[in-house]
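Student: Have a peek at my_file.csv (CSV, C-alpha atoms).
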```csv
chain,number,residue,atom,x,y,z
A,71,MET,CA,-1.5,-47.3,29.9
A,72,LYS,CA,-2.3,-43.9,31.4
A,73,PHE,CA,-2.5,-40.5,29.8
A,74,PHE,CA,-0.2,-37.8,31.2
A,75,VAL,CA,-0.1,-34.0,30.7
A,76,TYR,CA,3.3,-32.6,29.8
A,77,GLN,CA,4.7,-30.4,32.6
A,78,GLU,CA,5.2,-27.6,30.0
A,79,VAL,CA,1.5,-27.3,29.4
A,80,VAL,CA,-0.8,-24.6,30.8
A,81,CYS,CA,-4.5,-24.3,30.1
A,82,ARG,CA,-7.0,-21.7,31.0
A,83,GLN,CA,-10.5,-20.3,30.4
A,84,ILE,CA,-10.6,-16.9,28.8
A,85,GLY,CA,-14.0,-15.3,28.4
A,86,GLU,CA,-16.2,-18.1,27.1
A,87,ASP,CA,-13.3,-19.9,25.4
A,88,TYR,CA,-10.7,-22.4,26.5
A,89,LEU,CA,-7.0,-22.4,25.5
A,90,ALA,CA,-4.0,-24.6,26.0
A,91,TYR,CA,-0.4,-23.6,25.5
A,92,SER,CA,2.5,-26.1,25.1
A,93,ASP,CA,6.1,-24.9,25.7
A,94,LEU,CA,7.2,-28.0,23.8
A,95,THR,CA,5.7,-26.9,20.5
A,96,SER,CA,5.2,-23.2,21.3
A,97,GLU,CA,1.6,-23.7,20.1
A,98,THR,CA,-1.5,-22.2,21.4
A,99,ILE,CA,-4.7,-24.2,20.7
A,100,SER,CA,-8.3,-23.6,21.1
A,101,LEU,CA,-10.2,-26.3,23.2
A,102,SER,CA,-13.8,-27.3,23.3
A,103,TYR,CA,-15.3,-27.4,26.8
A,104,PHE,CA,-15.1,-31.2,26.6
A,105,ALA,CA,-11.4,-31.1,25.8
A,106,TYR,CA,-10.8,-28.5,28.6
A,107,ALA,CA,-12.5,-30.8,31.1
A,108,THR,CA,-10.5,-33.8,29.8
A,109,LEU,CA,-7.3,-31.9,30.2
A,110,ASN,CA,-8.2,-30.6,33.7
A,111,TYR,CA,-8.9,-34.2,34.8
A,112,LEU,CA,-5.5,-35.3,33.5
A,113,ILE,CA,-3.7,-32.3,35.1
A,114,THR,CA,-5.2,-33.3,38.5
A,115,GLU,CA,-4.2,-36.9,38.0
A,116,PRO,CA,-2.8,-39.1,35.2
A,117,MET,CA,-5.4,-41.8,34.4
A,118,ASN,CA,-6.3,-44.6,32.0
A,119,HIS,CA,-8.9,-44.4,29.3
A,120,SER,CA,-11.7,-46.2,31.2
A,121,LYS,CA,-11.3,-44.1,34.3
A,122,LEU,CA,-11.3,-40.9,32.3
A,123,LEU,CA,-14.3,-42.1,30.3
A,124,ALA,CA,-16.2,-42.9,33.5
A,125,LEU,CA,-15.6,-39.4,34.9
A,126,LEU,CA,-16.6,-37.6,31.7
A,127,GLU,CA,-19.8,-39.7,31.2
A,128,LYS,CA,-21.1,-38.3,34.5
A,129,PHE,CA,-21.1,-34.8,33.0
A,130,PHE,CA,-21.4,-35.2,29.3
A,131,ASN,CA,-24.1,-37.8,28.9
A,132,GLU,CA,-26.7,-35.9,26.9
A,133,GLY,CA,-25.8,-37.7,23.6
A,134,GLY,CA,-25.4,-41.1,25.3
A,135,ASN,CA,-22.2,-42.9,26.4
A,136,ASP,CA,-21.3,-43.9,22.9
A,137,ARG,CA,-21.0,-40.3,21.9
A,138,VAL,CA,-18.9,-39.4,24.9
A,139,SER,CA,-16.6,-42.4,24.1
A,140,MET,CA,-16.2,-41.2,20.5
A,141,GLU,CA,-15.6,-37.6,21.5
A,142,LEU,CA,-13.0,-38.7,24.0
A,143,LYS,CA,-11.2,-40.6,21.4
A,144,VAL,CA,-11.0,-37.6,19.1
A,145,THR,CA,-10.0,-35.3,21.9
A,146,LEU,CA,-7.2,-37.5,23.1
A,147,ASN,CA,-5.8,-37.8,19.6
A,148,LYS,CA,-5.9,-34.0,19.2
A,149,LEU,CA,-4.2,-33.4,22.5
A,150,ILE,CA,-1.5,-35.9,21.7
A,151,GLU,CA,-1.0,-34.5,18.2
A,152,HIS,CA,-0.5,-31.0,19.6
A,153,GLY,CA,2.0,-32.0,22.2
A,154,VAL,CA,-0.3,-31.5,25.2
A,155,ILE,CA,-0.6,-35.0,26.6
A,156,TYR,CA,1.2,-38.4,26.1
A,157,GLN,CA,0.4,-42.0,26.8
A,158,SER,CA,2.7,-44.1,29.0
A,159,SER,CA,2.8,-47.1,31.1
A,160,GLU,CA,5.0,-45.4,33.7
A,161,VAL,CA,3.8,-45.3,37.3
A,162,CYS,CA,3.1,-41.8,38.5
B,504,MET,CA,20.7,17.0,15.0
B,505,LYS,CA,24.1,17.7,13.8
B,506,SER,CA,26.4,15.2,12.0
B,507,LYS,CA,27.9,14.2,15.3
B,508,GLY,CA,24.7,12.5,16.4
B,509,ILE,CA,22.1,12.7,19.1
B,510,VAL,CA,20.7,10.5,21.9
B,511,LEU,CA,17.0,10.1,22.0
B,512,GLN,CA,14.8,8.7,24.7
B,513,ILE,CA,12.1,6.8,22.8
B,514,GLY,CA,9.7,5.2,25.2
B,515,PRO,CA,11.7,2.9,27.4
B,516,PHE,CA,14.7,2.8,25.1
B,517,THR,CA,17.7,5.1,24.9
B,518,VAL,CA,18.8,5.3,21.3
B,519,SER,CA,22.0,6.9,19.9
B,520,LEU,CA,21.6,8.0,16.3
B,521,GLU,CA,24.5,9.2,14.2
B,522,SER,CA,24.4,10.3,10.5
B,523,SER,CA,26.1,12.7,8.2
B,524,ILE,CA,23.4,12.4,5.6
B,525,ASP,CA,21.5,15.7,5.2
B,526,SER,CA,18.1,14.1,4.6
B,527,VAL,CA,18.3,12.1,7.8
B,528,ILE,CA,19.4,15.1,9.8
B,529,GLU,CA,16.5,17.2,8.4
B,530,SER,CA,13.9,14.5,8.9
B,531,VAL,CA,15.0,13.8,12.5
B,532,ASN,CA,15.1,17.5,13.3
B,533,LYS,CA,11.5,17.9,12.0
B,534,LEU,CA,9.8,14.6,13.1
B,535,TYR,CA,11.5,14.3,16.5
B,536,ALA,CA,11.4,18.1,17.3
B,537,ASP,CA,9.4,17.6,20.5
B,538,TYR,CA,11.7,15.0,22.0
B,539,VAL,CA,14.1,15.8,24.8
B,540,LEU,CA,17.7,15.2,23.6
B,541,LEU,CA,19.8,13.5,26.2
B,542,GLU,CA,23.4,14.5,27.0
B,543,ASP,CA,25.7,11.8,25.8
B,544,ASN,CA,28.1,11.3,28.7
B,545,SER,CA,29.8,8.4,30.3
B,546,SER,CA,27.0,7.8,32.9
B,547,LEU,CA,24.3,7.4,30.3
B,548,PHE,CA,23.4,3.9,29.4
B,549,ILE,CA,22.5,3.6,25.7
B,550,ASP,CA,20.4,0.7,24.6
B,551,PHE,CA,21.1,0.8,20.9
B,552,TYR,CA,23.6,2.6,18.7
B,553,ILE,CA,22.4,3.3,15.2
B,554,LYS,CA,24.4,4.9,12.4
B,555,ILE,CA,22.9,5.8,9.0
B,556,ASP,CA,25.7,6.5,6.5
B,557,ARG,CA,27.2,5.7,3.2
B,558,PRO,CA,28.6,2.2,3.3
B,559,ASN,CA,31.9,2.7,1.5
B,560,LEU,CA,33.4,4.6,-1.4
B,561,PHE,CA,32.0,2.4,-4.2
B,562,ARG,CA,28.5,1.7,-2.8
B,563,GLY,CA,28.1,5.0,-1.1
B,564,TYR,CA,29.1,7.4,-3.8
B,565,ILE,CA,29.1,5.6,-7.1
B,566,GLN,CA,25.9,3.7,-6.5
B,567,SER,CA,24.4,6.2,-4.0
B,568,GLN,CA,23.5,3.7,-1.3
B,569,VAL,CA,23.0,3.9,2.4
B,570,GLN,CA,23.7,1.5,5.2
B,571,CYS,CA,22.2,1.1,8.7
B,572,TYR,CA,24.8,0.2,11.3
B,573,VAL,CA,23.4,-1.3,14.5
B,574,ASP,CA,25.9,-1.4,17.4
B,575,GLY,CA,28.6,-1.2,14.7
B,576,LYS,CA,27.3,-4.2,12.7
B,577,THR,CA,25.5,-4.3,9.4
B,578,PRO,CA,22.6,-6.7,9.6
B,579,PHE,CA,20.9,-5.3,6.4
B,580,LYS,CA,21.7,-5.0,2.8
B,581,PRO,CA,22.3,-1.3,1.7
B,582,LEU,CA,19.3,0.6,0.4
B,583,PRO,CA,19.2,3.5,-2.1
B,584,LEU,CA,20.4,6.7,-0.5
B,585,SER,CA,17.0,8.3,-1.0
B,586,GLN,CA,15.6,5.9,1.6
B,587,ALA,CA,18.2,6.9,4.3
B,588,TYR,CA,15.7,8.2,6.9
B,589,PRO,CA,13.1,5.4,6.5
B,590,PHE,CA,16.1,3.0,7.0
B,591,PHE,CA,16.6,4.5,10.5
B,592,GLU,CA,12.9,3.8,11.3
B,593,TRP,CA,13.0,0.3,9.9
B,594,GLY,CA,16.3,-0.4,11.6
B,595,LEU,CA,14.9,0.6,14.9
B,596,ASN,CA,11.9,-1.6,14.4
B,597,TRP,CA,14.1,-4.5,13.7
B,598,ILE,CA,16.4,-3.9,16.7
B,599,ILE,CA,13.5,-3.8,19.1
B,600,ALA,CA,11.7,-6.8,17.6
B,601,SER,CA,14.8,-9.0,17.6
B,602,HIS,CA,16.5,-7.9,20.8
B,603,VAL,CA,13.9,-6.8,23.4
B,604,HIS,CA,12.5,-9.9,25.1
B,605,TYR,CA,11.8,-8.5,28.5
B,606,TYR,CA,8.5,-7.2,27.1
B,607,LEU,CA,5.9,-9.0,25.1
B,608,LEU,CA,5.9,-7.4,21.6
B,609,VAL,CA,3.0,-7.6,19.2
B,610,HIS,CA,2.9,-6.1,15.7
B,611,ALA,CA,0.1,-3.5,16.2
B,612,ALA,CA,-0.8,0.1,16.4
B,613,VAL,CA,-1.6,1.4,19.9
B,614,ILE,CA,-3.5,4.5,21.0
B,615,GLU,CA,-5.1,5.7,24.2
B,616,LYS,CA,-8.0,7.9,25.3
B,617,ASN,CA,-9.3,8.6,28.8
B,618,GLY,CA,-6.7,6.2,30.3
B,619,ASP,CA,-7.8,3.2,28.1
B,620,VAL,CA,-5.7,1.7,25.4
B,621,LEU,CA,-7.0,0.5,22.0
B,622,ILE,CA,-4.8,-2.1,20.3
B,623,LEU,CA,-5.2,-2.2,16.5
B,624,CYS,CA,-3.8,-5.5,15.2
B,625,GLY,CA,-3.7,-6.8,11.6
B,626,GLN,CA,-1.8,-7.8,8.6
B,627,PRO,CA,0.1,-5.2,6.6
B,628,GLY,CA,-2.4,-3.3,4.5
B,629,ALA,CA,-5.3,-3.8,6.9
B,630,GLY,CA,-5.4,-0.1,7.6
B,631,LYS,CA,-4.2,-0.1,11.2
B,632,SER,CA,-1.7,2.7,10.7
B,633,THR,CA,-4.2,4.9,8.8
B,634,LEU,CA,-6.8,4.4,11.5
B,635,CYS,CA,-4.2,5.0,14.2
B,636,ALA,CA,-3.0,8.2,12.5
B,637,ALA,CA,-6.6,9.4,12.1
B,638,LEU,CA,-7.4,8.8,15.7
B,639,ALA,CA,-4.1,10.4,16.9
B,640,SER,CA,-4.9,13.5,14.9
B,641,LYS,CA,-8.3,13.7,16.5
B,642,GLY,CA,-7.4,13.7,20.2
B,643,TRP,CA,-6.3,10.1,20.9
B,644,ARG,CA,-2.8,9.7,22.4
B,645,LEU,CA,-0.4,7.8,20.3
B,646,PHE,CA,1.5,5.0,21.9
B,647,SER,CA,2.9,3.4,18.8
B,648,ASP,CA,1.9,2.7,15.2
B,649,GLU,CA,4.3,-0.3,14.9
B,650,MET,CA,4.2,-2.4,18.0
B,651,ALA,CA,2.4,-3.0,21.2
B,652,ILE,CA,4.9,-3.2,24.1
B,653,ILE,CA,3.4,-5.2,27.0
B,654,ASP,CA,5.0,-5.2,30.4
B,655,LEU,CA,5.1,-8.9,31.4
B,656,GLU,CA,4.7,-8.2,35.1
B,657,SER,CA,2.0,-5.4,35.3
B,658,ASN,CA,0.3,-6.1,31.9
B,659,GLU,CA,0.4,-2.4,31.1
B,660,LEU,CA,1.1,-1.1,27.6
B,661,VAL,CA,4.3,0.9,27.4
B,662,PRO,CA,4.3,4.0,25.0
B,663,PHE,CA,6.8,3.8,22.2
B,664,VAL,CA,6.0,7.1,20.5
B,665,ARG,CA,7.5,7.6,17.1
B,666,PRO,CA,6.5,9.1,13.7
B,667,VAL,CA,3.6,7.2,12.1
B,668,SER,CA,4.5,5.5,8.9
B,669,LEU,CA,1.9,6.0,6.3
B,670,LYS,CA,1.7,4.6,2.8
B,671,ASN,CA,0.3,5.5,-0.6
B,672,LYS,CA,-3.3,6.9,-0.4
B,673,ALA,CA,-3.2,7.1,3.4
B,674,ILE,CA,-0.8,10.0,3.2
B,675,ASN,CA,-3.3,12.3,1.5
B,676,LEU,CA,-6.2,10.9,3.5
B,677,ILE,CA,-4.7,11.9,6.8
B,678,GLY,CA,-3.4,15.2,5.3
B,679,ASP,CA,-7.0,16.0,4.2
B,680,LEU,CA,-8.4,14.9,7.6
B,681,SER,CA,-6.2,17.0,9.8
B,682,SER,CA,-4.7,20.4,9.0
B,683,ASP,CA,-2.5,19.9,12.1
B,684,ALA,CA,-0.8,16.8,10.7
B,685,VAL,CA,2.9,17.5,10.0
B,686,PHE,CA,4.6,15.2,7.5
B,687,GLY,CA,8.1,14.5,6.7
B,688,GLU,CA,9.4,13.9,3.2
B,689,SER,CA,7.7,11.4,0.8
B,690,TYR,CA,9.7,8.4,-0.3
B,691,PRO,CA,8.4,6.9,-3.5
B,692,GLU,CA,9.4,3.4,-4.8
B,693,THR,CA,10.0,1.8,-1.4
B,694,THR,CA,9.1,-1.9,-1.2
B,695,LYS,CA,5.8,-0.7,0.4
B,696,GLY,CA,5.1,1.9,-2.3
B,697,THR,CA,5.2,5.6,-1.4
B,698,LEU,CA,6.0,6.2,2.2
B,699,SER,CA,5.8,9.3,4.4
B,700,HIS,CA,6.0,9.8,8.2
B,701,MET,CA,3.5,11.8,10.3
B,702,LYS,CA,5.1,13.7,13.2
B,703,PRO,CA,3.6,12.5,16.5
B,704,MET,CA,1.5,15.0,18.3
B,705,LYS,CA,3.4,16.9,21.0
B,706,ASP,CA,1.1,15.7,23.8
B,707,SER,CA,1.9,12.1,22.9
B,708,VAL,CA,5.6,12.8,23.0
B,709,LEU,CA,5.5,14.6,26.3
B,710,ARG,CA,3.4,11.9,27.9
B,711,GLY,CA,5.7,9.2,26.6
B,712,ASN,CA,6.2,7.7,30.1
B,713,GLU,CA,2.5,7.3,30.9
B,714,ARG,CA,1.6,3.7,30.7
B,715,ALA,CA,-2.0,2.4,30.5
B,716,PHE,CA,-4.0,-0.8,30.4
B,717,CYS,CA,-5.7,-2.2,27.4
B,718,LYS,CA,-9.5,-1.9,27.1
B,719,TRP,CA,-10.1,-2.8,23.5
B,720,VAL,CA,-8.4,-5.2,21.0
B,721,VAL,CA,-9.6,-4.5,17.5
B,722,PHE,CA,-8.7,-6.2,14.2
B,723,PRO,CA,-9.4,-3.6,11.6
B,724,GLN,CA,-9.8,-4.3,7.9
B,725,TYR,CA,-10.0,-1.4,5.4
B,726,LYS,CA,-12.3,-2.4,2.4
B,727,PRO,CA,-13.3,0.0,-0.3
B,728,GLU,CA,-17.1,0.7,-0.1
B,729,ALA,CA,-17.4,-1.3,3.1
B,730,GLU,CA,-20.0,-0.3,5.7
B,731,THR,CA,-18.6,0.7,9.0
B,732,SER,CA,-19.1,-2.4,11.2
B,733,LEU,CA,-17.8,-3.5,14.6
B,734,ARG,CA,-18.6,-7.0,15.7
B,735,SER,CA,-17.5,-9.0,18.8
B,736,PHE,CA,-14.7,-11.4,18.3
B,737,PRO,CA,-14.1,-14.4,20.6
B,738,LYS,CA,-11.4,-13.9,23.3
B,739,GLY,CA,-9.8,-17.2,22.6
B,740,GLU,CA,-9.4,-16.4,18.9
B,741,THR,CA,-8.1,-13.0,19.9
B,742,VAL,CA,-5.3,-14.5,22.0
B,743,ILE,CA,-4.4,-16.8,19.1
B,744,GLU,CA,-4.4,-13.9,16.5
B,745,LEU,CA,-2.3,-11.7,18.8
B,746,ALA,CA,0.1,-14.6,19.3
B,747,LYS,CA,0.5,-15.0,15.5
B,748,ASN,CA,1.3,-11.3,15.3
B,749,SER,CA,3.8,-11.3,18.1
B,750,PHE,CA,7.5,-10.9,17.5
B,751,ASN,CA,8.6,-12.9,20.6
B,752,TYR,CA,5.6,-14.9,22.0
B,753,ASN,CA,7.3,-18.2,21.3
B,754,LEU,CA,10.5,-17.1,23.0
B,755,LEU,CA,8.6,-16.1,26.2
B,756,GLY,CA,6.8,-19.4,26.6
B,757,LYS,CA,4.2,-19.7,29.4
B,758,GLN,CA,5.0,-16.1,30.5
B,759,GLY,CA,3.9,-14.8,27.0
B,760,PHE,CA,0.8,-17.0,27.0
B,761,ASN,CA,-0.3,-15.8,30.5
B,762,SER,CA,0.5,-12.2,29.7
B,763,LEU,CA,-1.5,-12.2,26.5
B,764,CYS,CA,-4.4,-14.1,28.2
B,765,ASN,CA,-4.4,-11.5,31.0
B,766,LEU,CA,-4.5,-8.6,28.5
B,767,VAL,CA,-7.3,-10.1,26.5
B,768,GLU,CA,-9.3,-11.2,29.6
B,769,ARG,CA,-9.7,-7.5,30.6
B,770,SER,CA,-10.4,-6.3,27.0
B,771,GLN,CA,-13.3,-6.1,24.7
B,772,CYS,CA,-12.4,-7.7,21.4
B,773,TYR,CA,-13.7,-6.8,17.9
B,774,LYS,CA,-13.4,-7.3,14.2
B,775,PHE,CA,-13.8,-3.9,12.5
B,776,GLU,CA,-14.5,-3.2,8.8
B,777,TYR,CA,-14.4,0.4,7.4
B,778,SER,CA,-14.0,2.5,4.4
B,779,ASN,CA,-14.9,5.9,5.8
B,780,LEU,CA,-12.4,7.3,8.2
B,781,ASN,CA,-14.8,9.9,9.7
B,782,GLU,CA,-17.3,7.2,10.6
B,783,ALA,CA,-14.5,5.2,12.1
B,784,ILE,CA,-13.3,8.1,14.3
B,785,SER,CA,-16.9,8.7,15.5
B,786,LEU,CA,-17.4,5.1,16.3
B,787,PHE,CA,-14.2,4.8,18.4
B,788,ASP,CA,-14.9,8.2,20.1
B,789,GLU,CA,-18.3,6.9,21.1
B,790,LEU,CA,-16.7,3.6,22.3
B,791,SER,CA,-14.3,5.6,24.6
B,792,SER,CA,-16.9,8.0,26.0
```
Kindly transcribe the structure held in the file into structure tokens.
Tutor:
Amino acid sequence: MKFFVYQEVVCRQIGEDYLAYSDLTSETISLSYFAYATLNYLITEPMNHSKLLALLEKFFNEGGNDRVSMELKVTLNKLIEHGVIYQSSEVC
Amino acid sequence: MKSKGIVLQIGPFTVSLESSIDSVIESVNKLYADYVLLEDNSSLFIDFYIKIDRPNLFRGYIQSQVQCYVDGKTPFKPLPLSQAYPFFEWGLNWIIASHVHYYLLVHAAVIEKNGDVLILCGQPGAGKSTLCAALASKGWRLFSDEMAIIDLESNELVPFVRPVSLKNKAINLIGDLSSDAVFGESYPETTKGTLSHMKPMKDSVLRGNERAFCKWVVFPQYKPEAETSLRSFPKGETVIELAKNSFNYNLLGKQGFNSLCNLVERSQCYKFEYSNLNEAISLFDELSS
């Protein structure tokens, strides 16, 4: 199963903050830097959990890999909940 | 204005107003005195037709009510006849907010100095109109006390200069602050309390076509006894707050998001608390110098 970003989603850095907007929900949400990085990886290429985790661990390893794994889980849930990404077995 | 009606160019909109009610005619003649009246002929494109008149024999004369007709339709319930002129202003606000989607519209007061725009955004009662009127009476150029009109392509603010709507204590506060301020009638017992309109300064009306870019986005909050304080507010939260106060952000989708982000990106963003208008004016004058 891979994670995909809805086509209707845009994200951008503004000042020192990060935002995403979904046309599906008309919602603007604030992102942490971790969530922004996650979303940008998925915009570049849909990927499964393990590949995404491996990429993020390279840059966010200060608290150890367990912490990155936990943060990724929370982030993915938040992005799904707000209509930013979805999970699918479809081939891209 | 005579009972036949007039055509006003108010910012980017051409508005036809017709009324046979004396109080409307007198208020428009006083508060819109510096506006150029347009010749209503067949070649003129009118964006909105507004008529303020008695609704019918029973409601109009027996109950002394007034109706606001928008392009011949009646989207509102009638109001007491004494509120005929404010009904025109409220009706015009409603028309713009619900029909104009080729601009991004945010509920905010907007003023300009030295080519830089200050957007004052906040909930009703936050003190944005009071602050806007105070600054406008002290040399700032009024753009609008009701809504920020943002060009989606250029990201410029578009002036929409109209009388400033002041409520309750703010009416006397501004009257005491500026001997030049000209007010229309007072309307007690509206849903917002006592209401009066301050005539826009002539310079603001004459420069009604001069757009400008935003430099500051401020969320003011009037609090009795509060110290004057201006503190930075994160840009991300500023976008979210402006979006919440927009009339058509959701309709505009990604275009609205990008427009708002571009505006905030170039602006300094603050939360502002005040209780003393003179201190507030000094602070914003200093910011603009």
Student: I need the contact residues of chain B against chain A, so if you could list those with any atom within 9 Å, counting all atoms listed in the file, and return them as a list in words, that would help.
Tutor: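 That gives the following set of residues: Pro737, Lys738, Gly739, Glu740, Val742, Ile743, Ala746, Tyr752, Asn753, Leu754, Gly756, Lys757, Phe760, Asn761, Cys764, Asn765, Val767 and Glu768 of chain B.
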Student: Expressed in Å to a single decimal, how great is the separation between CA of Glu730 in chain B and CA of Asp788 in chain B?
Tutor: 17.5 Å
Student: Give as a ChimeraX atom specification the set of residues within 10 Å of the point (-14.7, -7.4, 4.7), where distances use the file's coordinates and only C-alpha atoms.
Tutor: /B:723-732,774-778
Student: Between B:Ser735, B:Ser785, B:Gln586, B:Ser632, single out the one closest to Asp525 in chain B, counting only C-alpha atoms.
Tutor: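 Looking at the shortest contact to Asp525 in chain B, the residue is B:Gln586.
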Student: Between CA of Pro578 in chain B and CA of Gly628 in chain B, measure the distance and give it in Å to one decimal.
Tutor: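 For CA of Pro578 in chain B relative to CA of Gly628 in chain B, the distance reads 25.7 Å.
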Student: Find the residues around Ala107 in chain A up to 9 Å (all atoms listed in the file counted), leave out those fewer than 5 positions away in its own chain, and share them as a list in words.
Tutor: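 So, after excluding close chain neighbours, the residues are Ser102, Leu112 and Leu126 of chain A.
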Student: Okay, now the selection with C-alpha atoms, as a compact mmCIF listing (two decimals), keeping the file's coordinate frame?
Tutor:
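Output contents, as saved in again_25.txt:
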```
# COMPACT_ATOMS: atom_id res chain seq x y z
CA SER A 102 -13.80 -27.30 23.30
CA LEU A 112 -5.50 -35.30 33.50
CA LEU A 126 -16.60 -37.60 31.70
```
Student: By how many Å are CA of Arg769 in chain B and CA of Ala651 in chain B apart?
Tutor: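 CA of Ala651 in chain B lies at a distance of 16.0 Å from CA of Arg769 in chain B.
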Student: Report as a PDB file with C-alpha atoms, keeping the file's coordinate frame all protein, DNA and RNA residues lying within 9 Å of Ser647 in chain B, evaluated on only C-alpha atoms, omitting residues in the same chain fewer than 5 positions from it.
Tutor:
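File written: part05.pdb
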```pdb
ATOM      1  CA  ALA B 611       0.100  -3.500  16.200  1.00  0.00           C
ATOM      2  CA  ALA B 612      -0.800   0.100  16.400  1.00  0.00           C
ATOM      3  CA  VAL B 613      -1.600   1.400  19.900  1.00  0.00           C
ATOM      4  CA  ILE B 614      -3.500   4.500  21.000  1.00  0.00           C
ATOM      5  CA  CYS B 635      -4.200   5.000  14.200  1.00  0.00           C
ATOM      6  CA  ILE B 652       4.900  -3.200  24.100  1.00  0.00           C
ATOM      7  CA  PRO B 662       4.300   4.000  25.000  1.00  0.00           C
ATOM      8  CA  PHE B 663       6.800   3.800  22.200  1.00  0.00           C
ATOM      9  CA  VAL B 664       6.000   7.100  20.500  1.00  0.00           C
ATOM     10  CA  ARG B 665       7.500   7.600  17.100  1.00  0.00           C
ATOM     11  CA  PRO B 666       6.500   9.100  13.700  1.00  0.00           C
ATOM     12  CA  VAL B 667       3.600   7.200  12.100  1.00  0.00           C
TER      13      VAL B 667
END
```
Student: Which residues, written as a VMD selection string, have at least one atom at most 8 Å from His604 in chain B, with all atoms listed in the file counted and residues fewer than 4 positions away on the same chain left out?
Tutor: chain B and resid 608 751 754 to 755
Student: Would you mind telling me which residue in B:Ile528, B:Lys641, B:Asn596, B:Pro558 lies nearest to Leu780 in chain B when using only C-alpha atoms?
Tutor: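 Between B:Ile528, B:Lys641, B:Asn596, B:Pro558, the residue approaching Leu780 in chain B most closely is B:Lys641.
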